[in-house]
file model-v3.cif (mmCIF, C-alpha atoms and all ligand atoms)
data_query
loop_
_atom_site.label_atom_id
_atom_site.label_comp_id
_atom_site.auth_asym_id
_atom_site.auth_seq_id
_atom_site.Cartn_x
_atom_site.Cartn_y
_atom_site.Cartn_z
CA MET A 1 198.91 170.87 91.41
CA LYS A 2 199.32 173.54 88.70
CA ALA A 3 197.70 176.90 89.34
CA ALA A 4 197.73 180.51 88.19
CA ASN A 5 199.71 182.41 90.82
CA TRP A 6 197.97 185.73 91.47
CA THR A 7 200.02 187.89 93.82
CA ASN A 8 199.61 191.46 92.48
CA TYR A 9 197.31 193.65 90.41
CA GLY A 10 198.36 194.44 86.85
CA PRO A 11 198.45 193.10 83.29
CA PRO A 12 198.01 189.41 82.41
CA GLU A 13 201.80 188.98 82.07
CA MET A 14 202.03 189.12 85.88
CA LEU A 15 200.17 185.85 86.18
CA LYS A 16 202.66 183.01 86.49
CA LEU A 17 201.97 179.31 86.50
CA THR A 18 203.02 177.71 89.77
CA GLU A 19 203.04 174.35 91.55
CA ARG A 20 201.25 174.46 94.87
CA GLU A 21 199.70 171.99 97.27
CA LYS A 22 196.20 170.77 96.46
CA PRO A 23 193.68 172.47 98.83
CA THR A 24 191.67 170.40 101.31
CA ALA A 25 187.90 170.64 101.68
CA LYS A 26 186.72 172.10 104.99
CA ASP A 27 183.69 170.52 106.71
CA ASN A 28 181.17 172.45 104.55
CA GLU A 29 183.17 172.36 101.29
CA VAL A 30 183.75 170.15 98.28
CA LEU A 31 187.11 169.68 96.58
CA ILE A 32 186.73 169.97 92.81
CA LYS A 33 189.02 168.93 89.97
CA VAL A 34 188.54 171.89 87.63
CA MET A 35 187.96 170.69 84.06
CA ALA A 36 186.85 174.02 82.59
CA ALA A 37 186.46 177.65 83.63
CA THR A 38 185.88 180.83 81.70
CA ILE A 39 188.24 183.73 81.44
CA ASN A 40 185.80 186.60 81.46
CA ARG A 41 185.58 190.36 81.75
CA THR A 42 185.06 190.15 85.51
CA ASP A 43 188.36 188.23 85.78
CA CYS A 44 190.02 191.00 83.71
CA ALA A 45 188.62 193.75 85.94
CA MET A 46 189.78 191.87 89.04
CA LEU A 47 193.23 191.15 87.62
CA ARG A 48 193.95 194.83 86.99
CA ALA A 49 191.77 196.08 89.89
CA LYS A 50 190.08 198.40 87.40
CA PRO A 51 187.78 200.11 88.19
CA PHE A 52 189.52 200.82 91.52
CA PHE A 53 186.49 199.76 93.57
CA MET A 54 187.21 196.16 92.50
CA ARG A 55 189.77 196.25 95.32
CA LEU A 56 186.92 196.31 97.82
CA VAL A 57 186.06 192.86 96.49
CA THR A 58 189.49 191.42 95.81
CA GLY A 59 191.74 193.02 98.44
CA LEU A 60 192.90 196.63 98.95
CA SER A 61 196.66 196.32 98.41
CA LYS A 62 196.92 192.86 96.83
CA PRO A 63 194.64 190.02 95.74
CA GLY A 64 193.12 188.00 98.56
CA LYS A 65 192.64 184.86 96.43
CA PRO A 66 195.52 182.59 95.38
CA SER A 67 194.34 182.29 91.75
CA THR A 68 192.07 184.08 89.31
CA GLY A 69 188.78 182.56 88.18
CA THR A 70 185.11 183.20 88.96
CA ASP A 71 183.38 180.07 87.66
CA LEU A 72 184.10 176.41 87.05
CA ALA A 73 182.86 173.10 85.77
CA GLY A 74 184.50 170.00 87.14
CA GLU A 75 184.34 166.81 89.14
CA VAL A 76 183.91 166.53 92.89
CA VAL A 77 186.85 164.51 94.22
CA ALA A 78 186.29 164.86 97.98
CA VAL A 79 183.66 166.28 100.33
CA GLY A 80 183.88 167.76 103.84
CA GLU A 81 182.31 165.88 106.76
CA ALA A 82 179.16 168.03 106.88
CA VAL A 83 178.43 167.84 103.14
CA LYS A 84 175.39 165.72 102.30
CA SER A 85 174.37 167.21 98.93
CA PHE A 86 177.38 166.13 96.84
CA GLU A 87 179.61 163.10 96.59
CA PRO A 88 182.85 162.23 94.81
CA GLY A 89 182.26 161.71 91.10
CA ASP A 90 179.52 164.36 90.81
CA ARG A 91 179.85 166.61 87.77
CA VAL A 92 179.24 170.14 89.03
CA PHE A 93 179.42 173.74 88.00
CA ALA A 94 179.77 176.73 90.29
CA PHE A 95 179.93 180.51 90.25
CA GLU A 96 181.30 183.18 92.56
CA ASP A 97 182.05 186.56 91.02
CA LEU A 98 184.00 187.55 94.12
CA GLY A 99 186.50 184.90 93.00
CA LEU A 100 186.78 181.13 93.47
CA SER A 101 190.36 180.51 92.25
CA SER A 102 189.28 178.18 89.45
CA HIS A 103 192.26 178.93 87.22
CA ALA A 104 193.94 175.98 88.89
CA GLU A 105 193.73 172.19 88.66
CA TYR A 106 191.83 171.97 91.95
CA THR A 107 189.82 174.32 94.11
CA THR A 108 187.39 174.09 97.02
CA PHE A 109 183.88 175.52 97.15
CA PRO A 110 181.18 175.75 99.89
CA ALA A 111 178.49 173.14 99.20
CA ASP A 112 175.66 175.53 100.17
CA LYS A 113 176.62 178.33 97.77
CA ALA A 114 176.07 178.66 93.98
CA ILE A 115 176.98 175.14 92.92
CA CYS A 116 174.87 172.43 91.28
CA THR A 117 175.16 169.36 89.12
CA ILE A 118 175.64 169.70 85.37
CA PRO A 119 172.79 168.45 83.15
CA ASP A 120 173.82 165.16 81.49
CA ASN A 121 174.12 166.33 77.90
CA PHE A 122 176.57 169.14 78.66
CA SER A 123 180.36 168.76 78.53
CA PHE A 124 182.44 170.54 81.16
CA ALA A 125 183.41 173.25 78.66
CA ASP A 126 179.78 173.72 77.59
CA ALA A 127 178.64 173.99 81.21
CA ALA A 128 181.34 176.54 82.06
CA ALA A 129 180.21 178.62 79.07
CA CYS A 130 176.66 178.82 80.43
CA VAL A 131 177.39 180.50 83.75
CA GLU A 132 178.96 183.98 84.00
CA GLY A 133 177.28 185.79 81.10
CA ALA A 134 173.93 184.14 81.83
CA HIS A 135 174.17 185.21 85.49
CA TYR A 136 174.37 188.90 84.53
CA ALA A 137 171.73 188.42 81.81
CA TYR A 138 169.44 186.90 84.43
CA TYR A 139 169.69 190.10 86.45
CA PHE A 140 168.81 192.29 83.46
CA LEU A 141 165.54 190.40 83.20
CA ASP A 142 165.02 190.13 86.95
CA LYS A 143 164.67 193.94 87.03
CA VAL A 144 161.76 194.05 84.58
CA ASN A 145 158.51 192.27 83.93
CA LEU A 146 159.23 190.98 80.42
CA GLN A 147 156.10 189.64 78.74
CA ALA A 148 155.75 187.41 75.69
CA GLY A 149 155.50 189.48 72.52
CA GLN A 150 157.26 192.54 73.94
CA LYS A 151 160.02 194.06 71.87
CA VAL A 152 163.60 194.02 73.13
CA LEU A 153 166.82 195.32 71.62
CA VAL A 154 170.08 193.72 72.77
CA ASN A 155 173.27 195.60 71.97
CA GLY A 156 176.54 193.64 72.17
CA ALA A 157 174.56 190.49 71.43
CA THR A 158 177.67 188.41 70.68
CA GLY A 159 179.31 188.88 74.08
CA ALA A 160 179.02 186.48 77.01
CA ILE A 161 176.28 188.59 78.57
CA GLY A 162 174.69 189.55 75.24
CA SER A 163 174.43 186.02 73.82
CA ALA A 164 172.82 184.85 77.08
CA THR A 165 170.51 187.89 77.19
CA VAL A 166 169.18 187.08 73.71
CA GLN A 167 168.43 183.51 74.84
CA LEU A 168 166.80 184.58 78.11
CA CYS A 169 164.61 187.09 76.29
CA LYS A 170 163.52 184.40 73.84
CA TYR A 171 162.85 182.08 76.81
CA HIS A 172 160.30 184.67 77.97
CA GLY A 173 158.78 184.93 74.48
CA ALA A 174 160.09 188.39 73.57
CA VAL A 175 160.71 189.61 70.03
CA VAL A 176 164.45 190.26 69.94
CA THR A 177 166.46 192.64 67.80
CA ALA A 178 170.16 191.87 68.20
CA VAL A 179 173.00 194.28 67.40
CA CYS A 180 176.27 192.70 66.30
CA GLN A 181 178.57 192.47 63.26
CA GLY A 182 177.15 190.94 60.06
CA LYS A 183 179.56 187.98 60.35
CA ASP A 184 177.69 186.89 63.48
CA PHE A 185 174.14 187.06 62.10
CA GLU A 186 173.96 183.28 61.68
CA LEU A 187 175.06 182.68 65.26
CA LEU A 188 172.50 185.14 66.61
CA ARG A 189 169.73 183.60 64.50
CA SER A 190 170.63 180.20 65.97
CA LEU A 191 170.19 181.71 69.45
CA GLY A 192 166.73 182.94 68.50
CA ALA A 193 167.21 186.58 67.45
CA ASP A 194 164.32 187.74 65.27
CA LYS A 195 165.89 190.86 63.74
CA LEU A 196 169.51 191.81 63.29
CA ILE A 197 171.42 195.06 62.96
CA ASP A 198 175.05 195.17 61.82
CA TYR A 199 176.61 197.89 63.93
CA THR A 200 179.42 198.42 61.41
CA ARG A 201 176.84 199.49 58.80
CA GLU A 202 174.06 201.08 60.80
CA ASP A 203 173.85 203.05 64.03
CA PHE A 204 171.05 201.32 65.92
CA THR A 205 170.28 204.48 67.91
CA LYS A 206 169.14 206.12 64.65
CA ILE A 207 166.62 203.48 63.54
CA ASP A 208 162.94 204.24 63.30
CA GLN A 209 161.53 201.65 65.73
CA GLN A 210 160.53 201.52 69.37
CA PHE A 211 161.19 198.90 72.04
CA ASP A 212 159.85 197.99 75.45
CA TYR A 213 163.37 197.29 76.67
CA ILE A 214 166.89 198.07 75.53
CA PHE A 215 169.61 195.95 77.12
CA ASP A 216 173.09 197.20 76.30
CA ALA A 217 175.11 194.12 77.24
CA VAL A 218 178.39 195.73 76.22
CA GLY A 219 177.91 199.23 77.61
CA LYS A 220 178.64 201.07 74.35
CA SER A 221 175.50 203.22 74.16
CA SER A 222 173.83 205.65 76.54
CA PHE A 223 170.32 206.34 77.81
CA GLY A 224 170.46 209.75 76.12
CA LYS A 225 171.00 208.18 72.70
CA CYS A 226 168.56 205.32 73.23
CA LYS A 227 165.69 207.23 74.87
CA ARG A 228 164.06 207.99 71.51
CA LEU A 229 163.88 204.24 70.83
CA LEU A 230 161.98 203.43 74.00
CA LYS A 231 158.20 203.21 74.13
CA PRO A 232 156.52 205.19 76.95
CA GLY A 233 157.18 203.10 80.07
CA GLY A 234 160.19 201.54 78.36
CA VAL A 235 163.37 200.66 80.25
CA TYR A 236 167.05 201.05 79.35
CA MET A 237 169.68 198.92 81.06
CA SER A 238 173.43 198.65 80.57
CA SER A 239 176.06 196.27 81.90
CA GLU A 240 178.35 199.28 82.37
CA LEU A 241 178.10 202.25 84.72
CA GLY A 242 178.19 204.71 81.81
CA ARG A 243 180.02 208.03 81.63
CA ASN A 244 180.75 209.29 85.16
CA GLY A 245 178.51 206.54 86.50
CA GLU A 246 175.47 208.13 84.84
CA ASN A 247 173.50 204.88 84.71
CA ILE A 248 173.41 204.75 88.50
CA LEU A 249 172.27 208.37 88.72
CA TYR A 250 169.63 207.89 86.02
CA SER A 251 168.36 204.75 87.72
CA LEU A 252 167.62 206.91 90.78
CA LEU A 253 166.20 209.92 88.92
CA THR A 254 164.25 208.57 85.93
CA PRO A 255 161.61 206.73 88.03
CA LEU A 256 160.76 210.15 89.55
CA PHE A 257 160.81 212.35 86.46
CA SER A 258 160.49 210.29 83.27
CA LYS A 259 158.14 207.85 81.57
CA LYS A 260 161.23 206.16 80.13
CA LYS A 261 163.40 204.68 82.83
CA VAL A 262 166.93 203.48 83.45
CA LYS A 263 167.38 200.52 85.74
CA PHE A 264 170.68 199.17 86.95
CA PRO A 265 170.94 195.42 87.49
CA ILE A 266 172.31 194.33 90.87
CA PRO A 267 173.41 190.74 90.40
CA LEU A 268 173.77 189.61 94.00
CA ASP A 269 172.11 186.22 94.43
CA LYS A 270 174.28 183.78 92.50
CA LYS A 271 172.51 180.67 93.74
CA LYS A 272 169.17 181.90 92.40
CA SER A 273 170.59 182.64 88.94
CA LEU A 274 172.62 179.42 88.75
CA PHE A 275 169.60 177.23 89.49
CA PHE A 276 167.57 179.09 86.87
CA ILE A 277 170.41 178.68 84.37
CA ARG A 278 170.56 174.95 85.12
CA GLN A 279 166.83 174.66 84.46
CA MET A 280 167.18 176.43 81.10
CA MET A 281 170.09 174.14 80.17
CA ALA A 282 168.12 171.02 81.11
CA GLU A 283 165.20 172.25 78.99
CA GLY A 284 167.54 172.78 76.03
CA LYS A 285 166.85 176.54 76.08
CA LEU A 286 170.38 177.77 76.83
CA LYS A 287 173.12 177.04 74.33
CA PRO A 288 176.78 177.52 75.19
CA VAL A 289 178.64 179.96 72.95
CA ILE A 290 182.35 179.20 72.92
CA ASP A 291 184.92 181.25 71.05
CA ARG A 292 188.29 179.71 71.98
CA GLN A 293 189.68 177.15 74.43
CA TYR A 294 193.10 177.38 76.10
CA LYS A 295 195.26 175.19 78.30
CA LEU A 296 196.38 176.52 81.68
CA GLU A 297 199.86 177.14 80.24
CA GLN A 298 198.28 179.60 77.79
CA LEU A 299 196.63 181.66 80.52
CA VAL A 300 198.36 184.95 79.67
CA GLU A 301 197.54 184.63 75.96
CA ALA A 302 193.92 183.86 76.88
CA PHE A 303 193.60 186.88 79.19
CA ASN A 304 195.11 189.12 76.51
CA TYR A 305 192.51 187.91 74.03
CA VAL A 306 189.61 188.47 76.43
CA GLU A 307 190.88 191.98 77.16
CA THR A 308 190.44 192.91 73.47
CA GLY A 309 186.68 193.04 74.17
CA GLN A 310 186.08 191.10 70.96
CA LYS A 311 185.47 187.56 72.10
CA THR A 312 182.34 185.88 70.86
CA GLY A 313 180.55 184.39 73.85
CA ASN A 314 183.03 182.68 76.11
CA VAL A 315 186.72 181.89 76.31
CA ILE A 316 187.35 178.60 78.09
CA LEU A 317 190.37 177.58 80.12
CA LEU A 318 191.00 173.85 80.56
CA PRO A 319 193.06 173.64 83.78
CA SER A 320 193.27 169.85 83.88
CA ALA A 321 193.97 169.22 80.18
N1 LIG B 1 177.72 195.04 85.60
C1 LIG B 1 178.40 193.93 85.90
O1 LIG B 1 178.28 193.39 87.01
C2 LIG B 1 179.31 193.34 84.85
C3 LIG B 1 179.81 192.05 85.02
C4 LIG B 1 180.59 191.51 84.02
C5 LIG B 1 180.89 192.27 82.90
N2 LIG B 1 180.45 193.54 82.80
C6 LIG B 1 180.74 194.38 81.61
O2 LIG B 1 179.82 194.01 80.60
C7 LIG B 1 180.41 194.15 79.34
C8 LIG B 1 180.18 192.92 78.52
O3 LIG B 1 180.77 191.80 79.10
P1 LIG B 1 180.91 190.49 78.24
O4 LIG B 1 181.68 189.51 79.04
O5 LIG B 1 179.61 190.07 77.69
O6 LIG B 1 181.80 191.07 77.07
P2 LIG B 1 182.56 190.30 75.90
O7 LIG B 1 182.15 188.87 75.89
O8 LIG B 1 183.97 190.71 75.97
O9 LIG B 1 181.82 190.88 74.60
C9 LIG B 1 182.10 191.85 73.88
C10 LIG B 1 181.22 191.63 72.61
O10 LIG B 1 180.68 192.86 72.31
C11 LIG B 1 180.77 193.08 70.95
N3 LIG B 1 180.97 194.49 70.69
C12 LIG B 1 182.10 195.22 70.88
N4 LIG B 1 181.88 196.49 70.53
C13 LIG B 1 180.59 196.57 70.14
C14 LIG B 1 179.77 197.62 69.69
N5 LIG B 1 180.22 198.87 69.57
N6 LIG B 1 178.49 197.34 69.39
C15 LIG B 1 177.99 196.11 69.50
N7 LIG B 1 178.73 195.05 69.91
C16 LIG B 1 180.02 195.29 70.24
C17 LIG B 1 181.94 192.28 70.46
O11 LIG B 1 181.67 191.86 69.16
P3 LIG B 1 182.63 192.26 67.93
O12 LIG B 1 183.97 191.66 68.24
O13 LIG B 1 181.95 191.68 66.76
O14 LIG B 1 182.69 193.75 67.93
C18 LIG B 1 182.01 191.11 71.47
O15 LIG B 1 181.43 189.95 70.95
C19 LIG B 1 181.87 194.48 79.57
O16 LIG B 1 182.05 195.85 79.34
C20 LIG B 1 182.11 194.13 81.02
O17 LIG B 1 183.08 194.93 81.60
C21 LIG B 1 179.64 194.07 83.73
#

call {"tool": "encode", "arguments": {"input": "model-v3.cif", "output": "structure tokens", "more": "lines below"}}
Ligand SMILES: NC(=O)c1ccc[n+]([C@@H]2O[C@H](COP(=O)([O-])OP(=O)(O)OC[C@H]3O[C@@H](n4cnc5c(N)ncnc54)[C@H](OP(=O)(O)O)[C@@H]3O)[C@@H](O)[C@H]2O)c1
result
Amino acid sequence: MKAANWTNYGPPEMLKLTEREKPTAKDNEVLIKVMAATINRTDCAMLRAKPFFMRLVTGLSKPGKPSTGTDLAGEVVAVGEAVKSFEPGDRVFAFEDLGLSSHAEYTTFPADKAICTIPDNFSFADAAACVEGAHYAYYFLDKVNLQAGQKVLVNGATGAIGSATVQLCKYHGAVVTAVCQGKDFELLRSLGADKLIDYTREDFTKIDQQFDYIFDAVGKSSFGKCKRLLKPGGVYMSSELGRNGENILYSLLTPLFSKKKVKFPIPLDKKKSLFFIRQMMAEGKLKPVIDRQYKLEQLVEAFNYVETGQKTGNVILLPSA
């Protein structure tokens, strides 16, 4: 089979396409023909092992996984002897942000982890585009008690995490202000955003409004700049650690000393988020946002594009195309 060969940390150019033997499913695993997977910012961080602590996840001196890839949508082609929940022919999607080597034509995955069947009306590419960003968005909302009618601001609303965060907030009945470029207003309206701010024309931290929650899905702001925009009891959350890891520090200190708090999402339980995501998809409440699609041979080009930090929603790799 064809696969991305991941042997060292560094820039995308180090990833070479290789031929290797198809893996075999262990007793508790399924073998999946990978039809679609995202190339996402977690993949980029793992590829370069930046920040350095990524090595605790991926391997201290070199990558522990044969290929890159943290999510997939595909078809089960074989199951291990102990697997009762899936059978060959099942259309499934799966997520493991510690790496599942899905940038390859085939991979194996434990049947009891974050894997489930794809709702009927979703293509493989659409399903793949609903996983990674929505997983992190789920853990923004899991940290707070978002109520219908509350006001939320989402910065970086066009990213994989941001576009899912807007949709999850709308799912809970929030009033959403989305920050993006003017060219993406129509997209954000279609995802449910109520108000829009073009960050190339207006600094959202200077506006004269207050919110119950500010979710910075792209990590470009800070609690210091956003504090004024929070109502008393309001919460700021970012997908990034912030300068010198300040968001971690603030998440420990603000509950003790401030009426406006910082929380830091800890997205550990992937099975919980994936099953919630599947439910939203089945209810027609989560739309895939796809920017570009690439063949496996274009892996390096695709990684380079994702590293620009300017993709809209998701970049999809089609390993079996
Ligand atoms: N905490 C975690 O566990 C975790 C996990 C995964 C990712 N992350 C981090 O979360 C961040 C977002 O990830 P992602 O995959 O959603 O990113 P992404 O898809 O690469 O999205 C970036 C988006 O942000 C927009 N953007 C860029 N600069 C902006 C600005 N100054 N103001 C508003 N929007 C801006 C871009 O739109 P334009 O092109 O229009 O500017 C683009 O659509 C990344 O920094 C990533 O490293 C954290």

call {"tool": "residues_near_ligand", "arguments": {"input": "model-v3.cif", "ligand": "ligand LIG 1 (chain B)", "cutoff": "8 Å", "atoms": "only C-alpha atoms and all ligand atoms", "output": "PyMOL selection string"}}
result
chain A and resi 40-42+45+132-133+136+155-163+179-181+183-184+199+217-221+238-241+265-267+306-314

call {"tool": "write_last_selection", "arguments": {"input": "model-v3.cif", "atoms": "C-alpha atoms", "output": "PDB file, in the frame of the given file"}}
result
ATOM      1  CA  ASN A  40     185.800 186.600  81.460  1.00  0.00           C
ATOM      2  CA  ARG A  41     185.580 190.360  81.750  1.00  0.00           C
ATOM      3  CA  THR A  42     185.060 190.150  85.510  1.00  0.00           C
ATOM      4  CA  ALA A  45     188.620 193.750  85.940  1.00  0.00           C
ATOM      5  CA  GLU A 132     178.960 183.980  84.000  1.00  0.00           C
ATOM      6  CA  GLY A 133     177.280 185.790  81.100  1.00  0.00           C
ATOM      7  CA  TYR A 136     174.370 188.900  84.530  1.00  0.00           C
ATOM      8  CA  ASN A 155     173.270 195.600  71.970  1.00  0.00           C
ATOM      9  CA  GLY A 156     176.540 193.640  72.170  1.00  0.00           C
ATOM     10  CA  ALA A 157     174.560 190.490  71.430  1.00  0.00           C
ATOM     11  CA  THR A 158     177.670 188.410  70.680  1.00  0.00           C
ATOM     12  CA  GLY A 159     179.310 188.880  74.080  1.00  0.00           C
ATOM     13  CA  ALA A 160     179.020 186.480  77.010  1.00  0.00           C
ATOM     14  CA  ILE A 161     176.280 188.590  78.570  1.00  0.00           C
ATOM     15  CA  GLY A 162     174.690 189.550  75.240  1.00  0.00           C
ATOM     16  CA  SER A 163     174.430 186.020  73.820  1.00  0.00           C
ATOM     17  CA  VAL A 179     173.000 194.280  67.400  1.00  0.00           C
ATOM     18  CA  CYS A 180     176.270 192.700  66.300  1.00  0.00           C
ATOM     19  CA  GLN A 181     178.570 192.470  63.260  1.00  0.00           C
ATOM     20  CA  LYS A 183     179.560 187.980  60.350  1.00  0.00           C
ATOM     21  CA  ASP A 184     177.690 186.890  63.480  1.00  0.00           C
ATOM     22  CA  TYR A 199     176.610 197.890  63.930  1.00  0.00           C
ATOM     23  CA  ALA A 217     175.110 194.120  77.240  1.00  0.00           C
ATOM     24  CA  VAL A 218     178.390 195.730  76.220  1.00  0.00           C
ATOM     25  CA  GLY A 219     177.910 199.230  77.610  1.00  0.00           C
ATOM     26  CA  LYS A 220     178.640 201.070  74.350  1.00  0.00           C
ATOM     27  CA  SER A 221     175.500 203.220  74.160  1.00  0.00           C
ATOM     28  CA  SER A 238     173.430 198.650  80.570  1.00  0.00           C
ATOM     29  CA  SER A 239     176.060 196.270  81.900  1.00  0.00           C
ATOM     30  CA  GLU A 240     178.350 199.280  82.370  1.00  0.00           C
ATOM     31  CA  LEU A 241     178.100 202.250  84.720  1.00  0.00           C
ATOM     32  CA  PRO A 265     170.940 195.420  87.490  1.00  0.00           C
ATOM     33  CA  ILE A 266     172.310 194.330  90.870  1.00  0.00           C
ATOM     34  CA  PRO A 267     173.410 190.740  90.400  1.00  0.00           C
ATOM     35  CA  VAL A 306     189.610 188.470  76.430  1.00  0.00           C
ATOM     36  CA  GLU A 307     190.880 191.980  77.160  1.00  0.00           C
ATOM     37  CA  THR A 308     190.440 192.910  73.470  1.00  0.00           C
ATOM     38  CA  GLY A 309     186.680 193.040  74.170  1.00  0.00           C
ATOM     39  CA  GLN A 310     186.080 191.100  70.960  1.00  0.00           C
ATOM     40  CA  LYS A 311     185.470 187.560  72.100  1.00  0.00           C
ATOM     41  CA  THR A 312     182.340 185.880  70.860  1.00  0.00           C
ATOM     42  CA  GLY A 313     180.550 184.390  73.850  1.00  0.00           C
ATOM     43  CA  ASN A 314     183.030 182.680  76.110  1.00  0.00           C
TER      44      ASN A 314
END

call {"tool": "residues_around", "arguments": {"input": "model-v3.cif", "residues": "Cys169 (chain A)", "least_positions_apart": "2", "cutoff": "10 Å", "atoms": "all atoms listed in the file", "output": "list of chain:residue names"}}
result
A:Ala137, A:Tyr138, A:Phe140, A:Leu141, A:Leu146, A:Gln147, A:Ala148, A:Gln150, A:Lys151, A:Val152, A:Leu153, A:Val154, A:Ala164, A:Thr165, A:Val166, A:Gln167, A:Tyr171, A:His172, A:Gly173, A:Ala174, A:Val175, A:Val176, A:Gly192, A:Ala193

call {"tool": "atom_distance", "arguments": {"input": "model-v3.cif", "atom1": "CA of Ile118 (chain A)", "atom2": "CA of Ile316 (chain A)"}}
result
16.4 Å

call {"tool": "atom_distance", "arguments": {"input": "model-v3.cif", "atom1": "CA of Tyr250 (chain A)", "atom2": "CA of Gly224 (chain A)"}}
result
10.1 Å

call {"tool": "residues_near_point", "arguments": {"input": "model-v3.cif", "point": "(193.0, 188.8, 100.9)", "cutoff": "12 Å", "atoms": "all atoms listed in the file", "output": "number ranges by chain"}}
result
A: 6-8, 55-67, 98-99

call {"tool": "residues_around", "arguments": {"input": "model-v3.cif", "residues": "region 281-298 of chain A", "least_positions_apart": "4", "cutoff": "10 Å", "atoms": "only C-alpha atoms", "output": "compact mmCIF listing (two decimals) with C-alpha atoms, in the frame of the given file"}}
result
# COMPACT_ATOMS: atom_id res chain seq x y z
CA LYS A 2 199.32 173.54 88.70
CA ALA A 3 197.70 176.90 89.34
CA ALA A 4 197.73 180.51 88.19
CA LYS A 16 202.66 183.01 86.49
CA LEU A 17 201.97 179.31 86.50
CA ALA A 36 186.85 174.02 82.59
CA ALA A 37 186.46 177.65 83.63
CA THR A 38 185.88 180.83 81.70
CA ILE A 39 188.24 183.73 81.44
CA HIS A 103 192.26 178.93 87.22
CA ALA A 104 193.94 175.98 88.89
CA GLU A 105 193.73 172.19 88.66
CA ILE A 118 175.64 169.70 85.37
CA PRO A 119 172.79 168.45 83.15
CA ASP A 120 173.82 165.16 81.49
CA ASN A 121 174.12 166.33 77.90
CA PHE A 122 176.57 169.14 78.66
CA ALA A 125 183.41 173.25 78.66
CA ASP A 126 179.78 173.72 77.59
CA ALA A 127 178.64 173.99 81.21
CA ALA A 128 181.34 176.54 82.06
CA ALA A 129 180.21 178.62 79.07
CA CYS A 130 176.66 178.82 80.43
CA VAL A 131 177.39 180.50 83.75
CA ALA A 134 173.93 184.14 81.83
CA THR A 158 177.67 188.41 70.68
CA GLY A 159 179.31 188.88 74.08
CA ALA A 160 179.02 186.48 77.01
CA SER A 163 174.43 186.02 73.82
CA ALA A 164 172.82 184.85 77.08
CA VAL A 166 169.18 187.08 73.71
CA GLN A 167 168.43 183.51 74.84
CA LEU A 168 166.80 184.58 78.11
CA LYS A 170 163.52 184.40 73.84
CA TYR A 171 162.85 182.08 76.81
CA LEU A 187 175.06 182.68 65.26
CA SER A 190 170.63 180.20 65.97
CA LEU A 191 170.19 181.71 69.45
CA GLY A 192 166.73 182.94 68.50
CA PHE A 275 169.60 177.23 89.49
CA PHE A 276 167.57 179.09 86.87
CA ILE A 277 170.41 178.68 84.37
CA ALA A 302 193.92 183.86 76.88
CA PHE A 303 193.60 186.88 79.19
CA TYR A 305 192.51 187.91 74.03
CA VAL A 306 189.61 188.47 76.43
CA GLN A 310 186.08 191.10 70.96
CA LYS A 311 185.47 187.56 72.10
CA THR A 312 182.34 185.88 70.86
CA GLY A 313 180.55 184.39 73.85
CA ASN A 314 183.03 182.68 76.11
CA VAL A 315 186.72 181.89 76.31
CA ILE A 316 187.35 178.60 78.09
CA LEU A 317 190.37 177.58 80.12
CA LEU A 318 191.00 173.85 80.56
CA PRO A 319 193.06 173.64 83.78
CA SER A 320 193.27 169.85 83.88
CA ALA A 321 193.97 169.22 80.18

call {"tool": "atom_distance", "arguments": {"input": "model-v3.cif", "atom1": "CA of Phe95 (chain A)", "atom2": "CA of Ile115 (chain A)"}}
result
6.7 Å

call {"tool": "axis_aligned_box", "arguments": {"input": "model-v3.cif", "around": "region 94-109 of chain A", "padding_each_side": "3 Å", "output": "AutoDock Vina command-line options"}}
result
--center_x 186.9 --center_y 179.8 --center_z 92.2 --size_x 20.2 --size_y 21.6 --size_z 15.9

call {"tool": "residues_around", "arguments": {"input": "model-v3.cif", "residues": "Thr177 (chain A)", "least_positions_apart": "3", "cutoff": "6 Å", "atoms": "all atoms listed in the file", "output": "number ranges by chain"}}
result
A: 153, 194-196

call {"tool": "write_last_selection", "arguments": {"input": "model-v3.cif", "atoms": "C-alpha atoms", "output": "PDB file, in the frame of the given file"}}
result
ATOM      1  CA  LEU A 153     166.820 195.320  71.620  1.00  0.00           C
ATOM      2  CA  ASP A 194     164.320 187.740  65.270  1.00  0.00           C
ATOM      3  CA  LYS A 195     165.890 190.860  63.740  1.00  0.00           C
ATOM      4  CA  LEU A 196     169.510 191.810  63.290  1.00  0.00           C
TER       5      LEU A 196
END

call {"tool": "residues_around", "arguments": {"input": "model-v3.cif", "residues": "Phe86 (chain A)", "least_positions_apart": "6", "cutoff": "8 Å", "atoms": "only C-alpha atoms", "output": "short mmCIF file (atom, residue, chain, number, x, y, z; two decimals) with C-alpha atoms, in the coordinates of the input"}}
result
data_model
loop_
_atom_site.label_atom_id
_atom_site.label_comp_id
_atom_site.auth_asym_id
_atom_site.auth_seq_id
_atom_site.Cartn_x
_atom_site.Cartn_y
_atom_site.Cartn_z
CA VAL A 30 183.75 170.15 98.28
CA VAL A 76 183.91 166.53 92.89
CA VAL A 79 183.66 166.28 100.33
CA ALA A 111 178.49 173.14 99.20
#

call {"tool": "residues_around", "arguments": {"input": "model-v3.cif", "residues": "Asn28 (chain A)", "least_positions_apart": "6", "cutoff": "8 Å", "atoms": "all atoms listed in the file", "output": "PyMOL selection string"}}
result
chain A and resi 79-83+110-112
